[in-house]
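Structure record follows, encoded as structure tokens.
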Amino acid sequence: MKLPKHIKGAIFDLDGTLLDSLHAWADVDVRFFAKRGLSVPADYFDSIKTMDLKDAAVYTKAKYHLSEPCNKIVEEWLSMISEEYALRIGLKEGAADYLKALFGEGIKLGIATSCSPELFLPCLRRQGVESYFSSYTVTREARGKEFPDVYLLAAKRLNIPPAECAVFEDILQGVTSAKQGGFYTVAVCSPSSPEYAAMKETADQTIVRF
């Protein structure tokens, strides 16, 4: 897909957008709740999808009355998912070639994610695309993706104004917040997603794959 000619920077969400990782997190959720004799609540993913691990642990502990401290919950999640990022999770179809093409065109690339660097950096390195990115920004440095802060900070690190940056996101909240921040938005979303119609209406451009 081609970006408008005025775009000089591209900021990517990772999980579900660049990385084919949502299945791995779904498995973690199943195992985590099963260990406590529970099933994954239907609204759980929607409730935590804009949160980093620390905030998700605070929410999960309070909502489901868990006894362990939040840092232990985060440690448990990391122990279950780290190997997946390091060894198995890959890029979504066409993503590597697309990143290479943007980089070759001189477009500066950044990351805006709620994922932890200790997870995604080994994955990007293994996939051979880490060097394409000028910087990465995580939500714990700003606020969750219900606000445009993380995208604004990512654009600042690229030294490119929001109006000249594209944000790639796979959730409606991310697309909406990026629009509020003045960015050109690209929704990466399957037509089977319940958010597809709203994302298509909200985003400047919608794609199913790269």
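Chain identifiers are assigned as A, B, and so on, following the order in which chains appear in the structure tokens; residues are numbered from 1 within each chain, and ligands are numbered from 1 in order of appearance.
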
Determine, for each residue of segment 43-99 of chain A having at least one atom at most 8 Å from an atom of segment 121-133 of chain A, the closest pair of atoms and their separation in Å to one decimal, counting only C-alpha atoms; order by chain and ascending number, as JSON lines.
```
{"residue": "A:Tyr85", "atom": "CA", "partner": "A:Cys123", "partner_atom": "CA", "distance": 5.3}
{"residue": "A:Ala86", "atom": "CA", "partner": "A:Cys123", "partner_atom": "CA", "distance": 5.3}
{"residue": "A:Leu87", "atom": "CA", "partner": "A:Cys123", "partner_atom": "CA", "distance": 7.5}
{"residue": "A:Ile89", "atom": "CA", "partner": "A:Cys123", "partner_atom": "CA", "distance": 7.0}
{"residue": "A:Gly90", "atom": "CA", "partner": "A:Gln127", "partner_atom": "CA", "distance": 7.0}
{"residue": "A:Leu91", "atom": "CA", "partner": "A:Gln127", "partner_atom": "CA", "distance": 7.3}
{"residue": "A:Ala96", "atom": "CA", "partner": "A:Val129", "partner_atom": "CA", "distance": 6.8}
{"residue": "A:Leu99", "atom": "CA", "partner": "A:Tyr132", "partner_atom": "CA", "distance": 7.2}
```

Could those residues be written to a file, using C-alpha atoms, as a JSON list (two decimals), in the first residue's frame?
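After the write, selection39.json holds the following:
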```json
[["chain", "number", "residue", "atom", "x", "y", "z"],
["A", 85, "TYR", "CA", 8.57, -13.78, 21.36],
["A", 86, "ALA", "CA", 12.17, -14.96, 21.39],
["A", 87, "LEU", "CA", 11.64, -18.12, 19.36],
["A", 89, "ILE", "CA", 6.23, -15.20, 17.17],
["A", 90, "GLY", "CA", 6.76, -13.72, 13.72],
["A", 91, "LEU", "CA", 5.77, -10.78, 11.59],
["A", 96, "ALA", "CA", 8.94, -7.35, 6.50],
["A", 99, "LEU", "CA", 8.99, -2.09, 6.32]]
```

For Ala166 of chain A, find every residue with an atom within 12 Å (counting only C-alpha atoms), except residues of its own chain fewer than 2 positions away, and show them as a PDB file with C-alpha atoms, in the first residue's frame.
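Output contents, as saved in result37.pdb:
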```
ATOM      1  CA  LYS A   2       1.143   3.525  -0.769  1.00  0.00           C
ATOM      2  CA  LEU A   3       1.111   6.313   1.770  1.00  0.00           C
ATOM      3  CA  PRO A   4       0.277   9.909   0.812  1.00  0.00           C
ATOM      4  CA  LYS A   5       3.237  11.888  -0.499  1.00  0.00           C
ATOM      5  CA  HIS A   6       3.288  14.248   2.498  1.00  0.00           C
ATOM      6  CA  ILE A   7       3.975  11.393   4.944  1.00  0.00           C
ATOM      7  CA  LYS A   8       7.573  11.372   6.213  1.00  0.00           C
ATOM      8  CA  GLY A   9       7.196   9.055   9.195  1.00  0.00           C
ATOM      9  CA  ALA A  10       5.349   5.852  10.052  1.00  0.00           C
ATOM     10  CA  ILE A  11       4.558   4.717  13.598  1.00  0.00           C
ATOM     11  CA  PHE A  12       3.562   1.104  14.135  1.00  0.00           C
ATOM     12  CA  ASP A  13       1.730  -0.705  16.874  1.00  0.00           C
ATOM     13  CA  LEU A 102       9.302   2.307   3.565  1.00  0.00           C
ATOM     14  CA  ILE A 107      10.431   7.252   5.633  1.00  0.00           C
ATOM     15  CA  LYS A 108      11.454   7.225   9.293  1.00  0.00           C
ATOM     16  CA  LEU A 109       9.939   4.368  11.266  1.00  0.00           C
ATOM     17  CA  GLY A 110       8.927   4.258  14.919  1.00  0.00           C
ATOM     18  CA  ILE A 111       7.064   1.976  17.288  1.00  0.00           C
ATOM     19  CA  ALA A 112       4.242   2.864  19.699  1.00  0.00           C
ATOM     20  CA  TYR A 151       1.878   8.511  19.353  1.00  0.00           C
ATOM     21  CA  LEU A 152       2.785  12.154  20.005  1.00  0.00           C
ATOM     22  CA  ALA A 154       6.820   8.650  19.133  1.00  0.00           C
ATOM     23  CA  ALA A 155       6.488  11.426  16.530  1.00  0.00           C
ATOM     24  CA  LEU A 158      11.200  10.863  15.006  1.00  0.00           C
ATOM     25  CA  ILE A 160       8.388  14.710  12.501  1.00  0.00           C
ATOM     26  CA  PRO A 161       5.088  16.561  13.157  1.00  0.00           C
ATOM     27  CA  PRO A 162       1.988  14.374  13.616  1.00  0.00           C
ATOM     28  CA  ALA A 163       0.401  15.690  10.401  1.00  0.00           C
ATOM     29  CA  GLU A 164       3.304  14.148   8.474  1.00  0.00           C
ATOM     30  CA  PHE A 168      -0.731   1.870  11.919  1.00  0.00           C
ATOM     31  CA  GLU A 169      -3.087   0.276  14.466  1.00  0.00           C
ATOM     32  CA  VAL A 175      -7.018   4.612  15.530  1.00  0.00           C
ATOM     33  CA  ALA A 178      -4.161   8.786  16.782  1.00  0.00           C
ATOM     34  CA  LYS A 179      -6.762  10.726  14.784  1.00  0.00           C
ATOM     35  CA  GLY A 181      -3.526  13.575  17.842  1.00  0.00           C
ATOM     36  CA  GLY A 182      -3.568  14.809  14.240  1.00  0.00           C
ATOM     37  CA  PHE A 183      -2.052  11.734  12.578  1.00  0.00           C
ATOM     38  CA  TYR A 184      -2.854  10.050   9.275  1.00  0.00           C
ATOM     39  CA  THR A 185      -4.255   6.696  10.357  1.00  0.00           C
ATOM     40  CA  VAL A 186      -4.091   3.235   8.827  1.00  0.00           C
ATOM     41  CA  ALA A 187      -6.282   0.518  10.315  1.00  0.00           C
ATOM     42  CA  ALA A 203      -9.324   5.540   9.747  1.00  0.00           C
ATOM     43  CA  ASP A 204      -7.944   7.386   6.732  1.00  0.00           C
ATOM     44  CA  GLN A 205      -7.071   4.053   5.180  1.00  0.00           C
TER      45      GLN A 205
END
```

**OP:** Mind checking which residues fall within 9 Å of Ile207 of chain A, counting only C-alpha atoms, ignoring those fewer than 2 positions away in the same chain, and posting them as a ChimeraX atom specification?
**Re:** /A:1,186-190,200,205,209-210

Would you export the selected residues with C-alpha atoms as a PDB file, in the first residue's frame, please?
```
ATOM      1  CA  MET A   1       0.000   0.000   0.000  1.00  0.00           C
ATOM      2  CA  VAL A 186      -4.091   3.235   8.827  1.00  0.00           C
ATOM      3  CA  ALA A 187      -6.282   0.518  10.315  1.00  0.00           C
ATOM      4  CA  VAL A 188      -4.864  -2.996   9.968  1.00  0.00           C
ATOM      5  CA  CYS A 189      -7.938  -5.112  10.503  1.00  0.00           C
ATOM      6  CA  SER A 190      -9.669  -8.251   9.283  1.00  0.00           C
ATOM      7  CA  LYS A 200     -13.012   1.569   8.264  1.00  0.00           C
ATOM      8  CA  GLN A 205      -7.071   4.053   5.180  1.00  0.00           C
ATOM      9  CA  ARG A 209      -2.703  -7.164   5.077  1.00  0.00           C
ATOM     10  CA  PHE A 210       0.461  -5.332   4.106  1.00  0.00           C
TER      11      PHE A 210
END
```

**OP:** Please identify which residues in segment 90-180 of chain A DSSP calls helix (DSSP H, G or I) from the backbone, and express them as an MDAnalysis selection string.
**Re:** chainID A and resid 95:104 117:126 130:132 139:141 149:158 162:164 172:180

Original post:
Between atom CA of Pro148 of chain A and atom CA of Gly174 of chain A, what is the distance, to one decimal in Å?
Top reply: 8.0 Å

**OP:** Would you please extract all strand (DSSP E) residues from segment 9-123 of chain A, as assigned by DSSP on the backbone, and give them as JSON, numbers by chain?
**Re:** {"A": [9, 10, 11, 12, 108, 109, 110, 111, 112, 113]}

Original post:
Between atom CA of Ile171 of chain A and atom CA of Gly16 of chain A, what is the distance, to one decimal in Å?
Top reply: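 Answer for the atom CA of Ile171 of chain A to atom CA of Gly16 of chain A separation: 8.6 Å.
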